[in-house]
>>> print(open('final35.cif').read())   # mmCIF, C-alpha atoms and all ligand atoms
data_my_file
loop_
_atom_site.group_PDB
_atom_site.id
_atom_site.type_symbol
_atom_site.label_atom_id
_atom_site.label_comp_id
_atom_site.auth_asym_id
_atom_site.auth_seq_id
_atom_site.Cartn_x
_atom_site.Cartn_y
_atom_site.Cartn_z
ATOM 1 C CA MET Z 16 0.000 0.000 0.000
ATOM 2 C CA LYS Z 17 1.265 3.397 -0.978
ATOM 3 C CA ARG Z 18 1.273 5.742 1.977
ATOM 4 C CA ARG Z 19 1.604 9.441 1.219
ATOM 5 C CA LYS Z 20 4.796 10.901 2.641
ATOM 6 C CA LEU Z 21 4.292 13.453 5.392
ATOM 7 C CA ILE Z 22 6.849 16.040 6.418
ATOM 8 C CA ALA Z 23 5.795 17.844 9.579
ATOM 9 C CA GLY Z 24 7.586 20.859 11.020
ATOM 10 C CA ASN Z 25 7.406 21.048 14.796
ATOM 11 C CA TRP Z 26 8.405 24.629 15.485
ATOM 12 C CA LYS Z 27 8.288 24.070 19.257
ATOM 13 C CA MET Z 28 8.473 27.363 21.192
ATOM 14 C CA ASN Z 29 10.016 29.333 18.343
ATOM 15 C CA GLY Z 30 8.841 31.985 15.948
ATOM 16 C CA SER Z 31 7.621 35.552 15.615
ATOM 17 C CA HIS Z 32 5.175 37.229 13.283
ATOM 18 C CA LYS Z 33 8.002 38.280 11.004
ATOM 19 C CA ALA Z 34 9.907 34.990 10.998
ATOM 20 C CA ASN Z 35 6.719 32.947 10.542
ATOM 21 C CA ALA Z 36 5.592 35.021 7.570
ATOM 22 C CA GLU Z 37 8.940 34.587 5.843
ATOM 23 C CA LEU Z 38 9.136 30.879 6.575
ATOM 24 C CA VAL Z 39 5.615 30.140 5.374
ATOM 25 C CA ALA Z 40 6.049 32.240 2.235
ATOM 26 C CA ALA Z 41 9.157 30.268 1.311
ATOM 27 C CA ILE Z 42 7.486 26.908 1.944
ATOM 28 C CA ALA Z 43 4.273 27.864 0.136
ATOM 29 C CA ALA Z 44 6.248 29.000 -2.904
ATOM 30 C CA ARG Z 45 7.778 25.545 -3.327
ATOM 31 C CA ALA Z 46 4.725 23.485 -2.346
ATOM 32 C CA PRO Z 47 3.434 23.063 -5.932
ATOM 33 C CA GLU Z 48 6.533 21.109 -6.971
ATOM 34 C CA LEU Z 49 6.337 18.866 -3.881
ATOM 35 C CA GLY Z 50 2.929 17.397 -4.581
ATOM 36 C CA LEU Z 51 3.823 13.838 -3.597
ATOM 37 C CA VAL Z 52 4.504 15.020 -0.081
ATOM 38 C CA GLU Z 53 2.018 16.291 2.453
ATOM 39 C CA ILE Z 54 3.630 19.290 4.117
ATOM 40 C CA LEU Z 55 2.552 20.288 7.613
ATOM 41 C CA VAL Z 56 3.643 23.096 9.900
ATOM 42 C CA CYS Z 57 2.958 23.154 13.647
ATOM 43 C CA PRO Z 58 3.640 26.640 15.029
ATOM 44 C CA PRO Z 59 3.091 27.748 18.626
ATOM 45 C CA ALA Z 60 -0.651 27.983 19.280
ATOM 46 C CA VAL Z 61 -0.672 31.758 19.547
ATOM 47 C CA TYR Z 62 0.396 31.967 15.892
ATOM 48 C CA LEU Z 63 -1.894 29.310 14.436
ATOM 49 C CA GLU Z 64 -4.413 31.717 13.041
ATOM 50 C CA SER Z 65 -1.905 34.078 11.458
ATOM 51 C CA VAL Z 66 0.144 31.223 10.033
ATOM 52 C CA GLY Z 67 -3.086 29.860 8.568
ATOM 53 C CA ARG Z 68 -3.600 33.213 6.864
ATOM 54 C CA HIS Z 69 -0.055 33.169 5.497
ATOM 55 C CA ILE Z 70 -0.669 29.672 4.121
ATOM 56 C CA GLY Z 71 -3.805 30.844 2.366
ATOM 57 C CA ASN Z 72 -4.600 28.443 -0.470
ATOM 58 C CA ALA Z 73 -1.162 26.825 -0.561
ATOM 59 C CA ALA Z 74 -0.965 23.063 -0.119
ATOM 60 C CA VAL Z 75 0.467 23.271 3.384
ATOM 61 C CA ALA Z 76 -1.459 21.866 6.329
ATOM 62 C CA LEU Z 77 -1.638 23.409 9.779
ATOM 63 C CA GLY Z 78 -1.238 21.555 13.053
ATOM 64 C CA ALA Z 79 -0.917 22.259 16.772
ATOM 65 C CA GLN Z 80 1.759 20.979 19.132
ATOM 66 C CA ASN Z 81 -0.515 20.028 22.004
ATOM 67 C CA LEU Z 82 -4.126 20.064 23.161
ATOM 68 C CA CYS Z 83 -6.112 19.627 26.351
ATOM 69 C CA GLU Z 84 -7.284 16.120 27.173
ATOM 70 C CA GLN Z 85 -10.653 17.314 28.482
ATOM 71 C CA ALA Z 86 -13.680 16.269 26.471
ATOM 72 C CA ALA Z 87 -15.548 19.537 27.019
ATOM 73 C CA PRO Z 88 -14.351 23.140 27.236
ATOM 74 C CA GLY Z 89 -14.564 24.833 30.598
ATOM 75 C CA ALA Z 90 -12.524 25.901 33.598
ATOM 76 C CA PHE Z 91 -9.063 24.724 32.519
ATOM 77 C CA THR Z 92 -6.854 27.789 32.722
ATOM 78 C CA GLY Z 93 -4.213 27.957 30.050
ATOM 79 C CA GLU Z 94 -5.474 24.962 28.100
ATOM 80 C CA LEU Z 95 -6.702 24.671 24.526
ATOM 81 C CA HIS Z 96 -9.589 22.488 23.454
ATOM 82 C CA GLY Z 97 -9.320 20.526 20.221
ATOM 83 C CA ALA Z 98 -12.402 22.240 18.811
ATOM 84 C CA MET Z 99 -10.619 25.587 19.159
ATOM 85 C CA LEU Z 100 -7.621 24.244 17.266
ATOM 86 C CA ALA Z 101 -9.907 22.887 14.558
ATOM 87 C CA GLU Z 102 -11.730 26.206 14.371
ATOM 88 C CA VAL Z 103 -8.526 28.102 13.610
ATOM 89 C CA GLY Z 104 -7.683 25.694 10.825
ATOM 90 C CA CYS Z 105 -5.710 22.840 12.371
ATOM 91 C CA ARG Z 106 -5.998 19.414 10.808
ATOM 92 C CA TYR Z 107 -3.326 17.748 12.937
ATOM 93 C CA VAL Z 108 -2.097 17.889 16.501
ATOM 94 C CA ILE Z 109 1.055 16.395 18.005
ATOM 95 C CA VAL Z 110 0.403 14.332 21.128
ATOM 96 C CA GLY Z 111 2.852 12.804 23.551
ATOM 97 C CA HIS Z 112 5.978 14.564 22.348
ATOM 98 C CA SER Z 113 8.876 13.515 24.561
ATOM 99 C CA GLU Z 114 9.363 17.098 25.759
ATOM 100 C CA ARG Z 115 5.801 17.095 27.053
ATOM 101 C CA ARG Z 116 6.281 13.694 28.610
ATOM 102 C CA ALA Z 117 9.573 14.644 30.280
ATOM 103 C CA LEU Z 118 9.023 18.314 31.168
ATOM 104 C CA TYR Z 119 5.249 18.511 31.686
ATOM 105 C CA GLY Z 120 4.545 15.165 33.263
ATOM 106 C CA GLU Z 121 2.429 13.651 30.513
ATOM 107 C CA ASP Z 122 2.151 9.940 31.117
ATOM 108 C CA ASP Z 123 0.799 7.298 28.771
ATOM 109 C CA SER Z 124 -2.752 7.566 30.044
ATOM 110 C CA ARG Z 125 -2.776 11.351 29.607
ATOM 111 C CA VAL Z 126 -1.358 10.925 26.125
ATOM 112 C CA ALA Z 127 -4.110 8.440 25.304
ATOM 113 C CA GLN Z 128 -6.730 10.920 26.555
ATOM 114 C CA LYS Z 129 -5.236 13.604 24.334
ATOM 115 C CA PHE Z 130 -5.296 11.248 21.367
ATOM 116 C CA LEU Z 131 -9.005 10.617 21.965
ATOM 117 C CA ALA Z 132 -9.734 14.303 22.521
ATOM 118 C CA ALA Z 133 -8.034 15.165 19.213
ATOM 119 C CA GLN Z 134 -10.010 12.641 17.228
ATOM 120 C CA ALA Z 135 -13.257 13.683 18.880
ATOM 121 C CA CYS Z 136 -12.689 17.133 17.356
ATOM 122 C CA GLY Z 137 -11.808 15.813 13.923
ATOM 123 C CA LEU Z 138 -8.086 16.403 14.363
ATOM 124 C CA THR Z 139 -5.565 13.787 13.288
ATOM 125 C CA PRO Z 140 -3.245 13.049 16.206
ATOM 126 C CA ILE Z 141 0.457 12.536 15.562
ATOM 127 C CA LEU Z 142 1.317 10.173 18.383
ATOM 128 C CA CYS Z 143 4.973 10.435 19.421
ATOM 129 C CA VAL Z 144 6.676 7.415 20.924
ATOM 130 C CA GLY Z 145 10.322 6.718 21.619
ATOM 131 C CA GLU Z 146 12.827 5.393 24.080
ATOM 132 C CA THR Z 147 15.431 7.230 26.136
ATOM 133 C CA LEU Z 148 19.133 6.465 25.765
ATOM 134 C CA GLU Z 149 19.103 4.578 29.025
ATOM 135 C CA GLN Z 150 16.193 2.454 27.869
ATOM 136 C CA ARG Z 151 17.925 1.700 24.579
ATOM 137 C CA GLN Z 152 21.174 0.817 26.276
ATOM 138 C CA SER Z 153 19.425 -1.559 28.625
ATOM 139 C CA GLY Z 154 17.644 -3.299 25.774
ATOM 140 C CA GLN Z 155 14.171 -1.961 26.558
ATOM 141 C CA THR Z 156 13.434 -0.159 23.304
ATOM 142 C CA GLU Z 157 10.784 -2.562 22.049
ATOM 143 C CA ASP Z 158 9.136 -2.844 25.460
ATOM 144 C CA VAL Z 159 8.860 0.943 25.677
ATOM 145 C CA LEU Z 160 7.436 1.280 22.179
ATOM 146 C CA GLU Z 161 5.000 -1.553 22.773
ATOM 147 C CA LEU Z 162 3.791 0.049 25.987
ATOM 148 C CA GLN Z 163 3.495 3.599 24.631
ATOM 149 C CA LEU Z 164 1.630 2.504 21.510
ATOM 150 C CA GLY Z 165 -0.292 -0.228 23.299
ATOM 151 C CA LYS Z 166 -1.850 2.171 25.801
ATOM 152 C CA VAL Z 167 -3.325 4.208 22.985
ATOM 153 C CA ILE Z 168 -4.525 1.160 21.055
ATOM 154 C CA LEU Z 169 -6.194 -0.044 24.242
ATOM 155 C CA ALA Z 170 -7.868 3.310 24.877
ATOM 156 C CA ALA Z 171 -8.864 4.220 21.325
ATOM 157 C CA GLY Z 172 -9.084 0.891 19.526
ATOM 158 C CA ILE Z 173 -7.046 -0.145 16.530
ATOM 159 C CA GLN Z 174 -9.484 1.340 14.012
ATOM 160 C CA ALA Z 175 -8.709 4.798 15.419
ATOM 161 C CA PHE Z 176 -5.348 4.513 13.657
ATOM 162 C CA ALA Z 177 -7.104 4.959 10.330
ATOM 163 C CA ARG Z 178 -7.107 8.632 11.375
ATOM 164 C CA ALA Z 179 -3.773 8.904 13.130
ATOM 165 C CA VAL Z 180 -0.070 9.174 12.462
ATOM 166 C CA ILE Z 181 2.689 7.678 14.595
ATOM 167 C CA ALA Z 182 6.050 9.397 15.021
ATOM 168 C CA TYR Z 183 8.993 7.323 16.197
ATOM 169 C CA GLU Z 184 11.204 9.792 18.017
ATOM 170 C CA PRO Z 185 14.069 8.293 19.990
ATOM 171 C CA VAL Z 186 14.537 10.753 22.851
ATOM 172 C CA TRP Z 187 18.328 10.598 22.544
ATOM 173 C CA ALA Z 188 18.109 11.793 18.936
ATOM 174 C CA ILE Z 189 15.899 14.829 19.533
ATOM 175 C CA GLY Z 190 17.794 18.080 19.242
ATOM 176 C CA THR Z 191 21.129 16.354 19.733
ATOM 177 C CA GLY Z 192 22.411 16.211 16.168
ATOM 178 C CA HIS Z 193 22.695 12.433 16.573
ATOM 179 C CA ALA Z 194 19.942 10.963 14.450
ATOM 180 C CA ALA Z 195 19.170 7.274 14.608
ATOM 181 C CA THR Z 196 20.993 5.301 11.966
ATOM 182 C CA PRO Z 197 18.823 4.176 9.062
ATOM 183 C CA ALA Z 198 19.076 0.647 10.462
ATOM 184 C CA GLN Z 199 17.906 1.729 13.924
ATOM 185 C CA ALA Z 200 15.023 3.677 12.421
ATOM 186 C CA HIS Z 201 14.118 0.779 10.164
ATOM 187 C CA GLU Z 202 14.080 -1.637 13.075
ATOM 188 C CA ALA Z 203 11.880 0.558 15.257
ATOM 189 C CA HIS Z 204 9.479 1.423 12.439
ATOM 190 C CA ALA Z 205 9.102 -2.217 11.448
ATOM 191 C CA PHE Z 206 8.476 -3.073 15.089
ATOM 192 C CA LEU Z 207 5.782 -0.407 15.434
ATOM 193 C CA ARG Z 208 4.100 -1.485 12.219
ATOM 194 C CA GLY Z 209 4.270 -5.057 13.448
ATOM 195 C CA GLN Z 210 2.452 -3.999 16.607
ATOM 196 C CA LEU Z 211 -0.330 -2.553 14.488
ATOM 197 C CA ARG Z 212 -0.339 -5.675 12.326
ATOM 198 C CA GLY Z 213 -0.938 -7.788 15.400
ATOM 199 C CA HIS Z 214 -4.325 -6.069 15.626
ATOM 200 C CA ASP Z 215 -5.242 -5.298 12.020
ATOM 201 C CA ALA Z 216 -3.258 -5.813 8.824
ATOM 202 C CA LYS Z 217 -5.075 -3.120 6.862
ATOM 203 C CA ILE Z 218 -4.417 -0.515 9.527
ATOM 204 C CA ALA Z 219 -0.770 -1.598 9.660
ATOM 205 C CA ASP Z 220 -0.434 -1.054 5.927
ATOM 206 C CA SER Z 221 -2.144 2.332 5.859
ATOM 207 C CA THR Z 222 -0.864 4.073 9.010
ATOM 208 C CA ARG Z 223 1.995 6.452 8.449
ATOM 209 C CA VAL Z 224 4.978 6.155 10.772
ATOM 210 C CA LEU Z 225 7.253 9.206 10.752
ATOM 211 C CA TYR Z 226 10.812 9.351 11.991
ATOM 212 C CA GLY Z 227 11.828 12.289 14.200
ATOM 213 C CA GLY Z 228 15.105 13.212 15.869
ATOM 214 C CA SER Z 229 17.820 15.329 14.247
ATOM 215 C CA VAL Z 230 16.538 14.930 10.700
ATOM 216 C CA LYS Z 231 18.552 17.345 8.582
ATOM 217 C CA ALA Z 232 18.927 18.116 4.904
ATOM 218 C CA ASP Z 233 21.942 15.835 4.684
ATOM 219 C CA ASN Z 234 20.518 12.725 6.362
ATOM 220 C CA ALA Z 235 16.884 12.893 5.261
ATOM 221 C CA ALA Z 236 17.325 10.795 2.128
ATOM 222 C CA VAL Z 237 18.988 7.869 3.897
ATOM 223 C CA LEU Z 238 16.487 7.931 6.745
ATOM 224 C CA PHE Z 239 13.535 8.056 4.357
ATOM 225 C CA ALA Z 240 14.912 5.151 2.329
ATOM 226 C CA GLY Z 241 13.480 2.663 4.828
ATOM 227 C CA GLU Z 242 10.273 1.137 3.529
ATOM 228 C CA ASP Z 243 8.449 1.669 6.820
ATOM 229 C CA VAL Z 244 9.525 5.305 7.123
ATOM 230 C CA ASP Z 245 6.728 7.497 5.793
ATOM 231 C CA GLY Z 246 8.292 10.891 6.357
ATOM 232 C CA GLY Z 247 9.567 12.928 9.243
ATOM 233 C CA LEU Z 248 8.711 15.061 12.236
ATOM 234 C CA ILE Z 249 11.253 17.833 12.024
ATOM 235 C CA GLY Z 250 12.230 20.128 14.883
ATOM 236 C CA GLY Z 251 15.288 22.357 14.519
ATOM 237 C CA ALA Z 252 15.567 22.002 10.762
ATOM 238 C CA SER Z 253 11.931 23.046 10.276
ATOM 239 C CA LEU Z 254 12.763 26.610 11.292
ATOM 240 C CA LYS Z 255 14.960 27.294 8.285
ATOM 241 C CA ALA Z 256 13.140 27.290 4.977
ATOM 242 C CA ALA Z 257 16.080 25.962 2.969
ATOM 243 C CA ASP Z 258 16.646 23.054 5.363
ATOM 244 C CA PHE Z 259 12.984 22.167 5.705
ATOM 245 C CA LEU Z 260 12.472 22.324 1.949
ATOM 246 C CA ALA Z 261 15.524 20.154 1.304
ATOM 247 C CA ILE Z 262 13.966 17.548 3.612
ATOM 248 C CA CYS Z 263 10.676 17.827 1.703
ATOM 249 C CA VAL Z 264 12.604 17.363 -1.560
ATOM 250 C CA ALA Z 265 14.198 14.178 -0.168
ATOM 251 C CA ALA Z 266 10.737 12.834 0.686
ATOM 252 C CA GLN Z 267 9.425 13.792 -2.738
ATOM 253 C CA ALA Z 268 12.303 11.960 -4.421
ATOM 254 C CA ARG Z 269 11.655 8.873 -2.303
ATOM 255 C CA ALA Z 270 7.954 8.987 -3.164
ATOM 256 C CA ALA Z 271 8.719 9.358 -6.859
ATOM 257 C CA GLY Z 272 11.366 6.630 -6.901
HETATM 258 P P1 LIG W 1 14.793 17.815 16.160
HETATM 259 O O1 LIG W 1 13.373 17.630 16.901
HETATM 260 O O2 LIG W 1 14.512 17.647 14.678
HETATM 261 O O3 LIG W 1 15.232 19.181 16.507
HETATM 262 O O4 LIG W 1 15.686 16.736 16.669
HETATM 263 C C1 LIG W 1 12.434 16.678 16.472
HETATM 264 C C2 LIG W 1 11.223 16.746 17.350
HETATM 265 O O5 LIG W 1 11.363 16.957 18.564
HETATM 266 O O6 LIG W 1 10.074 16.596 16.864
#
>>> encode(input="final35.cif", output="C-alpha cells")
Amino acid sequence: MKRRKLIAGNWKMNGSHKANAELVAAIAARAPELGLVEILVCPPAVYLESVGRHIGNAAVALGAQNLCEQAAPGAFTGELHGAMLAEVGCRYVIVGHSERRALYGEDDSRVAQKFLAAQACGLTPILCVGETLEQRQSGQTEDVLELQLGKVILAAGIQAFARAVIAYEPVWAIGTGHAATPAQAHEAHAFLRGQLRGHDAKIADSTRVLYGGSVKADNAAVLFAGEDVDGGLIGGASLKAADFLAICVAAQARAAG
C-alpha cells in the first residue's frame, strides 16, 4: 500500500510574526513542486491563526503541538480544546511529544486521553513514541514502544489509527544532532508497524509512521529510504526554509522513486 509521505515541522516554542511570515512564504512557494509530499507546519498555538492566513490556499497543512485532554471546554486555565484548534484551521495535533512527557509530566494515560480528545474534534493526532538512551542501552526499546503505543490502542481501539499518524522519536536523537541510523530507524518502524499488524493488517499497511530526531537536509534521504519510514517530524531544521524544503525534496524523491 502506498502511503503518502508526510513532512511535519514542529516549530516548538520558536517563531515571531516576522519569521513565521517569511518561513511560510518560502514553503508555500515551493509546495506546488512537492505534490507527492504532504507538508505540515505546527507553530506555537498563539500563531496558528496568522500562520493559517499566510498559508492561504497553498498546499500546506496546519497543526498544533498540544491540546487539552478534556472532552468539554470549561474551567481549565491555560489549556486549549481541540475544537478551538480545529476552528482556527488545524488538521493535525502532536500528542505525547517527549518534551511534554519529560518536562510537563504527561504519562501514557494522559497521552491516550489527548489522542481521543483530538479525534473527537476531527483532528488527526500525531502520536509520538520513543525510548530514552538509558532504555535503549538496557535493551528496553521494544518494550517501551510496545507500551506507549499499546496504551493508545487499548484506549482508542485499533481502528482509530485509520485517522492517526505515529512518530517514532528516539529521545536521545531529539535536538542532539545524533539521528538514529537508518538501520535503527528501520528496526523501530518495522516493530511499530508489526504492533499494528498484530491487531489489524489493513491498519498496519495504511498508518503512516514518521521518523523524528535530528533529521537534517543531509541525512533525510537515507532515513527516508526505509520502507516503513513514511516521512519525518522535524524540529530544529523546520525553522529554516532551505533546510525544511531540502527535507521535503528528499521525501518527494523517495515517493517518486
Ligand atoms: P529535532 O526535533 O529535529 O530538533 O531533533 C524533532 C522533534 O522533537 O520533533
>>> resolve_selection(input="final35.cif", expression="the PyMOL selection byres (((chain Z and resi 245) around 10) and not hetatm)", output="list in words")
Lys17, Arg18, Arg19, Lys20, Leu21, Ile22, Val52, Val180, Ile181, Ala182, His204, Thr222, Arg223, Val224, Leu225, Tyr226, Leu238, Phe239, Ala240, Gly241, Glu242, Asp243, Val244, Gly246, Gly247, Ala266, Arg269 and Ala270 of chain Z
>>> resolve_selection(input="final35.cif", expression="the PyMOL selection byres (((not hetatm)) within 8 of (chain W and resi 1))", output="ChimeraX atom specification")
/Z:24-25,27,112-114,184,188-192,194,227-231,248-253
>>> residues_around(input="final35.cif", residues="Ser65 in chain Z", least_positions_apart="6", cutoff="9 Å", atoms="all atoms listed in the file", output="list of chain:residue names")
Z:His32, Z:Asn35, Z:Ala36
>>> closest_residue(input="final35.cif", among="Z:Ala90, Z:Leu49, Z:Leu169, Z:Leu95", to="Ala268 in chain Z", atoms="all atoms listed in the file")
Z:Leu49
>>> resolve_selection(input="final35.cif", expression="the PyMOL selection byres (((chain Z and resi 67-76) around 9) and not hetatm)", output="PyMOL selection string")
chain Z and resi 23+35-36+39-40+42-44+46-47+50+53-57+62-66+77-78+103-107
>>> atom_distance(input="final35.cif", atom1="CA of Ala195 in chain Z", atom2="CA of Ile109 in chain Z")
20.6 Å
>>> atom_distance(input="final35.cif", atom1="CA of Leu100 in chain Z", atom2="CA of Ala79 in chain Z")
7.0 Å
>>> closest_residue(input="final35.cif", among="Z:Ala98, Z:Val237, Z:Gln85, Z:Val264", to="Ala198 in chain Z", atoms="all atoms listed in the file")
Z:Val237
>>> residues_around(input="final35.cif", residues="Asp215 in chain Z", least_positions_apart="6", cutoff="12 Å", atoms="all atoms listed in the file", output="count of residues only")
11
>>> atom_distance(input="final35.cif", atom1="CA of Lys129 in chain Z", atom2="CA of Ala60 in chain Z")
15.9 Å
>>> closest_residue(input="final35.cif", among="Z:Leu162, Z:Ala127, Z:Val110, Z:Val167", to="Ile141 in chain Z", atoms="all atoms listed in the file")
Z:Val110
>>> residues_around(input="final35.cif", residues="Asp123 in chain Z", least_positions_apart="3", cutoff="7 Å", atoms="all atoms listed in the file", output="compact mmCIF listing (two decimals) with C-alpha atoms, in the frame of the given file")
# COMPACT_ATOMS: atom_id res chain seq x y z
CA VAL Z 126 -1.36 10.92 26.12
CA ALA Z 127 -4.11 8.44 25.30
CA GLN Z 163 3.50 3.60 24.63
CA LYS Z 166 -1.85 2.17 25.80
>>> closest_residue(input="final35.cif", among="Z:Glu161, Z:Glu37, Z:Asp258, Z:Glu84", to="Leu211 in chain Z", atoms="all atoms listed in the file")
Z:Glu161
>>> residues_around(input="final35.cif", residues="Gly145 in chain Z", least_positions_apart="6", cutoff="6 Å", atoms="all atoms listed in the file", output="mmCIF file with C-alpha atoms, in the coordinates of the input")
data_model
loop_
_atom_site.group_PDB
_atom_site.id
_atom_site.type_symbol
_atom_site.label_atom_id
_atom_site.label_comp_id
_atom_site.auth_asym_id
_atom_site.auth_seq_id
_atom_site.Cartn_x
_atom_site.Cartn_y
_atom_site.Cartn_z
ATOM 1 C CA TYR Z 183 8.993 7.323 16.197
ATOM 2 C CA GLU Z 184 11.204 9.792 18.017
ATOM 3 C CA PRO Z 185 14.069 8.293 19.990
ATOM 4 C CA VAL Z 186 14.537 10.753 22.851
#
>>> residues_around(input="final35.cif", residues="Pro88 in chain Z", least_positions_apart="3", cutoff="12 Å", atoms="all atoms listed in the file", output="JSON, numbers by chain")
{"Z": [82, 83, 84, 85, 91, 92, 93, 94, 95, 96, 97, 98, 99, 132, 136]}
>>> write_last_selection(input="final35.cif", atoms="C-alpha atoms", output="PDB file, in the frame of the given file")
ATOM      1  CA  LEU Z  82      -4.126  20.064  23.161  1.00  0.00           C
ATOM      2  CA  CYS Z  83      -6.112  19.627  26.351  1.00  0.00           C
ATOM      3  CA  GLU Z  84      -7.284  16.120  27.173  1.00  0.00           C
ATOM      4  CA  GLN Z  85     -10.653  17.314  28.482  1.00  0.00           C
ATOM      5  CA  PHE Z  91      -9.063  24.724  32.519  1.00  0.00           C
ATOM      6  CA  THR Z  92      -6.854  27.789  32.722  1.00  0.00           C
ATOM      7  CA  GLY Z  93      -4.213  27.957  30.050  1.00  0.00           C
ATOM      8  CA  GLU Z  94      -5.474  24.962  28.100  1.00  0.00           C
ATOM      9  CA  LEU Z  95      -6.702  24.671  24.526  1.00  0.00           C
ATOM     10  CA  HIS Z  96      -9.589  22.488  23.454  1.00  0.00           C
ATOM     11  CA  GLY Z  97      -9.320  20.526  20.221  1.00  0.00           C
ATOM     12  CA  ALA Z  98     -12.402  22.240  18.811  1.00  0.00           C
ATOM     13  CA  MET Z  99     -10.619  25.587  19.159  1.00  0.00           C
ATOM     14  CA  ALA Z 132      -9.734  14.303  22.521  1.00  0.00           C
ATOM     15  CA  CYS Z 136     -12.689  17.133  17.356  1.00  0.00           C
TER      16      CYS Z 136
END
